[in-house]
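As C-alpha cells, the structure follows; a few thoughts come after it.
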Amino acid sequence: MSDTRPKVLVVEDEPEIRRFVRLALEREGFEVHEAGGVQRGLIDAGTRHPDLVVLDLGLPDGDGVDLIRDLRTWSDVPVLVLSARSTEGDKIGALDAGADDYLVKPFSAGELLARVRAHLRRRSGAASGADQVISFGEVRIDLVRRSVERAGQPLHLTPNEYRLLTHLATHPHCVLTHRQVLAAVWGAGHAEDTHYVRVYMGQLRKKLELDPSQPRHLITETGIGYRFVP
C-alpha cells in the first residue's frame with residue numbers, strides 16, 4: 001500500500017532544530033525528509049516531490065533565498081521559511097524570491113504546525129479545484145461568475161478592488177509583499193507605488209470587514225505586505 005501522508009522536506013543544518021521540527025511534524029502524521037544544505041535540498045525537492053518545504057536561510061553551502069529562486073523556476077511547492085533573521089528586509093527578500101510564509105526563530109511547535117496545515121489545505125484545494133468559491137465571514141466570492149456577495153447581497157467592487165481581493169483570497173495564509181501585490185494587480189511598472197495598495201485595502205475593509213479598524217481577514221504585515229486569513 002502506498003504512503004498517502006503529506007510529505008514535508010525540512011532543509012535545516014542545525015541538528016537540534018531539525019529534530020524538533022521533524023518530531024513535531026511526525027506527531028502530526030506527516031512523512032518527513034531532511035536535508036542539511038542548499039544542494040541536497042534541491043535534489044530532494046526534485047526527487048521526493050514534497051507537498052511542502054520548510055527552509056532555513058542560513059545554510060552551510062549557500063543562502064536559502066537562492067534555493068527558493070532556483071526552486072521557483074520549476075516548482076510551485078509551498079515554502080515556509082524558518083529563520084533567525086528577523087529584519088523586514090530579510091523577510092521581504094525571501095518572500096519576493098518566492099517563499100509563501102516566514103516564521104522567525106524561536107517558534108513554537110503549535111505555530112509551526114498551524115502554518116504547515118494552512119499551506120497544505122491551500123495546496124489541496126487548488127489541486128482539486130475546490131477554491132472556485134471562497135467564503136469568509138459574511139462574504140462569498142464566486143471566481144467563475146466574478147461576483148462578490150456579503151450577507152447574501154451583491155457587493156459592488158471596482159475592477160482593481162476585485163483583482164486585489166481575489167489575489168489575496170487565492171493565496172490564503174500567505175504573506176504577500178507590497179511588490180508582489182502591486183505587480184499582480186497593477187502591473188510590474190507600479191512596483192514602488194505602495195500607496196495604491198494602502199488606499200484600496202482601506203476601501204476593501206470598509207466593504208468586507210465587520211470592523212474595518214480591526215480587520216479579521218485582510219491583515220497587514222507591518223512593513224512587509226498583507227495576509228488573507230479566511
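Identifiers in the C-alpha cells: chain A, B, ... in order shown; residue index from 1 per chain; ligand index from 1 in order shown.
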
Contacts between stretch 32-50 of chain A and stretch 76-99 of chain A, please, where a residue of stretch 76-99 of chain A counts if it comes within 12 Å (with only C-alpha atoms); show its shortest atom pair and distance in Å to one decimal, rows by chain and ascending number, as a Markdown table.
```
| residue | atom | partner | partner_atom | distance |
| --- | --- | --- | --- | --- |
| A:Asp76 | CA | A:Pro50 | CA | 10.7 |
| A:Val77 | CA | A:Pro50 | CA | 7.4 |
| A:Pro78 | CA | A:Pro50 | CA | 9.2 |
| A:Val79 | CA | A:Pro50 | CA | 10.3 |
```

May I have all residues of stretch 95-161 of chain A that DSSP, computed from the backbone, assigns to strand (DSSP E), given as a PyMOL selection string? chain A and resi 101-104+133-136+139-142+147-150+153-154

Write out the residues from the selection above, keeping all heavy atoms, as a tab-separated table (two decimals), in the first residue's frame.
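Generated file (result06.tsv):
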```tsv
chain	number	residue	atom	x	y	z
A	101	ASP	N	5.70	31.91	3.21
A	101	ASP	CA	5.49	32.31	4.60
A	101	ASP	C	6.84	32.40	5.29
A	101	ASP	O	7.84	31.87	4.79
A	101	ASP	CB	4.60	31.28	5.31
A	101	ASP	CG	3.81	31.87	6.47
A	101	ASP	OD1	4.10	33.01	6.87
A	101	ASP	OD2	2.92	31.17	6.98
A	102	TYR	N	6.86	33.05	6.45
A	102	TYR	CA	8.12	33.33	7.14
A	102	TYR	C	7.87	33.26	8.65
A	102	TYR	O	7.02	33.98	9.17
A	102	TYR	CB	8.61	34.73	6.77
A	102	TYR	CG	10.07	35.01	7.03
A	102	TYR	CD1	10.98	35.11	5.98
A	102	TYR	CD2	10.55	35.21	8.32
A	102	TYR	CE1	12.32	35.38	6.19
A	102	TYR	CE2	11.88	35.49	8.55
A	102	TYR	CZ	12.77	35.57	7.47
A	102	TYR	OH	14.09	35.85	7.69
A	103	LEU	N	8.58	32.38	9.31
A	103	LEU	CA	8.42	32.19	10.75
A	103	LEU	C	9.78	32.42	11.39
A	103	LEU	O	10.77	31.78	11.03
A	103	LEU	CB	7.92	30.78	11.04
A	103	LEU	CG	7.43	30.43	12.44
A	103	LEU	CD1	6.33	31.39	12.88
A	103	LEU	CD2	6.92	29.00	12.46
A	104	VAL	N	9.83	33.37	12.34
A	104	VAL	CA	11.10	33.75	12.97
A	104	VAL	C	11.41	32.82	14.14
A	104	VAL	O	10.54	32.53	14.96
A	104	VAL	CB	11.05	35.21	13.43
A	104	VAL	CG1	12.35	35.59	14.17
A	104	VAL	CG2	10.85	36.15	12.25
A	133	VAL	N	-15.14	28.84	-5.30
A	133	VAL	CA	-15.95	29.69	-4.44
A	133	VAL	C	-15.21	29.82	-3.11
A	133	VAL	O	-14.86	28.81	-2.49
A	133	VAL	CB	-17.37	29.12	-4.20
A	133	VAL	CG1	-18.11	29.96	-3.18
A	133	VAL	CG2	-18.14	29.07	-5.51
A	134	ILE	N	-14.95	31.04	-2.70
A	134	ILE	CA	-14.22	31.30	-1.47
A	134	ILE	C	-15.16	32.04	-0.51
A	134	ILE	O	-15.74	33.07	-0.87
A	134	ILE	CB	-12.97	32.15	-1.73
A	134	ILE	CG1	-12.04	31.43	-2.72
A	134	ILE	CG2	-12.24	32.47	-0.43
A	134	ILE	CD1	-10.89	32.28	-3.21
A	135	SER	N	-15.30	31.52	0.71
A	135	SER	CA	-16.18	32.14	1.69
A	135	SER	C	-15.40	32.47	2.94
A	135	SER	O	-14.54	31.69	3.38
A	135	SER	CB	-17.34	31.21	2.05
A	135	SER	OG	-18.14	30.93	0.91
A	136	PHE	N	-15.68	33.64	3.52
A	136	PHE	CA	-15.11	34.02	4.80
A	136	PHE	C	-16.03	35.05	5.44
A	136	PHE	O	-16.56	35.92	4.77
A	136	PHE	CB	-13.69	34.58	4.64
A	136	PHE	CG	-13.60	35.84	3.81
A	136	PHE	CD1	-13.60	37.09	4.39
A	136	PHE	CD2	-13.53	35.75	2.42
A	136	PHE	CE1	-13.51	38.25	3.62
A	136	PHE	CE2	-13.44	36.91	1.64
A	136	PHE	CZ	-13.44	38.16	2.23
A	139	VAL	N	-18.88	36.97	3.68
A	139	VAL	CA	-18.53	37.23	2.28
A	139	VAL	C	-18.40	35.93	1.49
A	139	VAL	O	-17.88	34.93	1.99
A	139	VAL	CB	-17.21	38.03	2.19
A	139	VAL	CG1	-16.83	38.29	0.73
A	139	VAL	CG2	-17.33	39.35	2.96
A	140	ARG	N	-18.89	35.98	0.25
A	140	ARG	CA	-18.77	34.84	-0.66
A	140	ARG	C	-18.26	35.36	-2.00
A	140	ARG	O	-18.87	36.25	-2.61
A	140	ARG	CB	-20.13	34.17	-0.84
A	140	ARG	CG	-20.12	32.92	-1.73
A	140	ARG	CD	-21.52	32.32	-1.80
A	140	ARG	NE	-21.55	31.07	-2.51
A	140	ARG	CZ	-21.69	30.96	-3.83
A	140	ARG	NH1	-21.82	32.07	-4.58
A	140	ARG	NH2	-21.71	29.78	-4.41
A	141	ILE	N	-17.13	34.80	-2.47
A	141	ILE	CA	-16.54	35.19	-3.75
A	141	ILE	C	-16.72	34.02	-4.72
A	141	ILE	O	-16.26	32.90	-4.44
A	141	ILE	CB	-15.04	35.50	-3.62
A	141	ILE	CG1	-14.78	36.52	-2.51
A	141	ILE	CG2	-14.48	36.01	-4.95
A	141	ILE	CD1	-13.31	36.65	-2.16
A	142	ASP	N	-17.36	34.25	-5.84
A	142	ASP	CA	-17.50	33.25	-6.90
A	142	ASP	C	-16.52	33.62	-8.00
A	142	ASP	O	-16.75	34.58	-8.76
A	142	ASP	CB	-18.94	33.22	-7.42
A	142	ASP	CG	-19.19	32.06	-8.37
A	142	ASP	OD1	-18.29	31.73	-9.16
A	142	ASP	OD2	-20.29	31.48	-8.32
A	147	SER	N	-18.21	37.33	-9.10
A	147	SER	CA	-19.17	38.06	-8.28
A	147	SER	C	-18.79	37.97	-6.81
A	147	SER	O	-18.15	37.00	-6.38
A	147	SER	CB	-20.59	37.52	-8.48
A	147	SER	OG	-20.68	36.18	-8.02
A	148	VAL	N	-19.19	38.98	-6.04
A	148	VAL	CA	-18.93	39.01	-4.61
A	148	VAL	C	-20.23	39.35	-3.89
A	148	VAL	O	-20.95	40.26	-4.30
A	148	VAL	CB	-17.85	40.06	-4.25
A	148	VAL	CG1	-17.57	40.04	-2.75
A	148	VAL	CG2	-16.57	39.80	-5.03
A	149	GLU	N	-20.54	38.60	-2.84
A	149	GLU	CA	-21.72	38.85	-2.03
A	149	GLU	C	-21.32	39.02	-0.57
A	149	GLU	O	-20.35	38.42	-0.11
A	149	GLU	CB	-22.72	37.69	-2.13
A	149	GLU	CG	-23.27	37.45	-3.52
A	149	GLU	CD	-24.20	36.25	-3.55
A	149	GLU	OE1	-24.31	35.54	-2.52
A	149	GLU	OE2	-24.82	36.01	-4.59
A	150	ARG	N	-22.09	39.84	0.14
A	150	ARG	CA	-21.94	39.95	1.59
A	150	ARG	C	-23.31	39.79	2.22
A	150	ARG	O	-24.25	40.50	1.85
A	150	ARG	CB	-21.33	41.29	1.99
A	150	ARG	CG	-21.18	41.44	3.50
A	150	ARG	CD	-20.45	42.69	3.91
A	150	ARG	NE	-20.39	42.79	5.37
A	150	ARG	CZ	-19.79	43.77	6.03
A	150	ARG	NH1	-19.19	44.75	5.37
A	150	ARG	NH2	-19.79	43.78	7.34
A	153	GLN	N	-26.16	39.51	-0.19
A	153	GLN	CA	-26.48	40.62	-1.09
A	153	GLN	C	-25.29	40.92	-2.00
A	153	GLN	O	-24.14	40.91	-1.56
A	153	GLN	CB	-26.82	41.88	-0.27
A	153	GLN	CG	-28.03	41.72	0.61
A	153	GLN	CD	-29.29	41.39	-0.18
A	153	GLN	OE1	-29.59	42.04	-1.19
A	153	GLN	NE2	-30.03	40.38	0.27
A	154	PRO	N	-25.56	41.17	-3.29
A	154	PRO	CA	-24.46	41.50	-4.22
A	154	PRO	C	-23.69	42.72	-3.73
A	154	PRO	O	-24.27	43.68	-3.22
A	154	PRO	CB	-25.19	41.80	-5.53
A	154	PRO	CG	-26.50	41.12	-5.42
A	154	PRO	CD	-26.87	41.17	-3.96
```

Tell me which protein, DNA and RNA residues are within 9 Å of A:Glu221, counting only C-alpha atoms, leaving out same-chain ones fewer than 5 positions away, and put them as a PDB file with C-alpha atoms, in the first residue's frame.
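Listing of selection-v1.pdb after writing:
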```pdb
ATOM      1  CA  VAL A 175       2.400  36.712   3.326  1.00  0.00           C
ATOM      2  CA  LEU A 176       2.314  38.768   0.113  1.00  0.00           C
ATOM      3  CA  THR A 177       4.743  41.675  -0.122  1.00  0.00           C
ATOM      4  CA  TYR A 226      -0.592  41.622   3.623  1.00  0.00           C
ATOM      5  CA  ARG A 227      -2.023  38.237   4.553  1.00  0.00           C
TER       6      ARG A 227
END
```

Mind giving me the straight-line distance from atom CA of A:Ala114 to atom CA of A:Arg18 in Å, one decimal? 17.6 Å
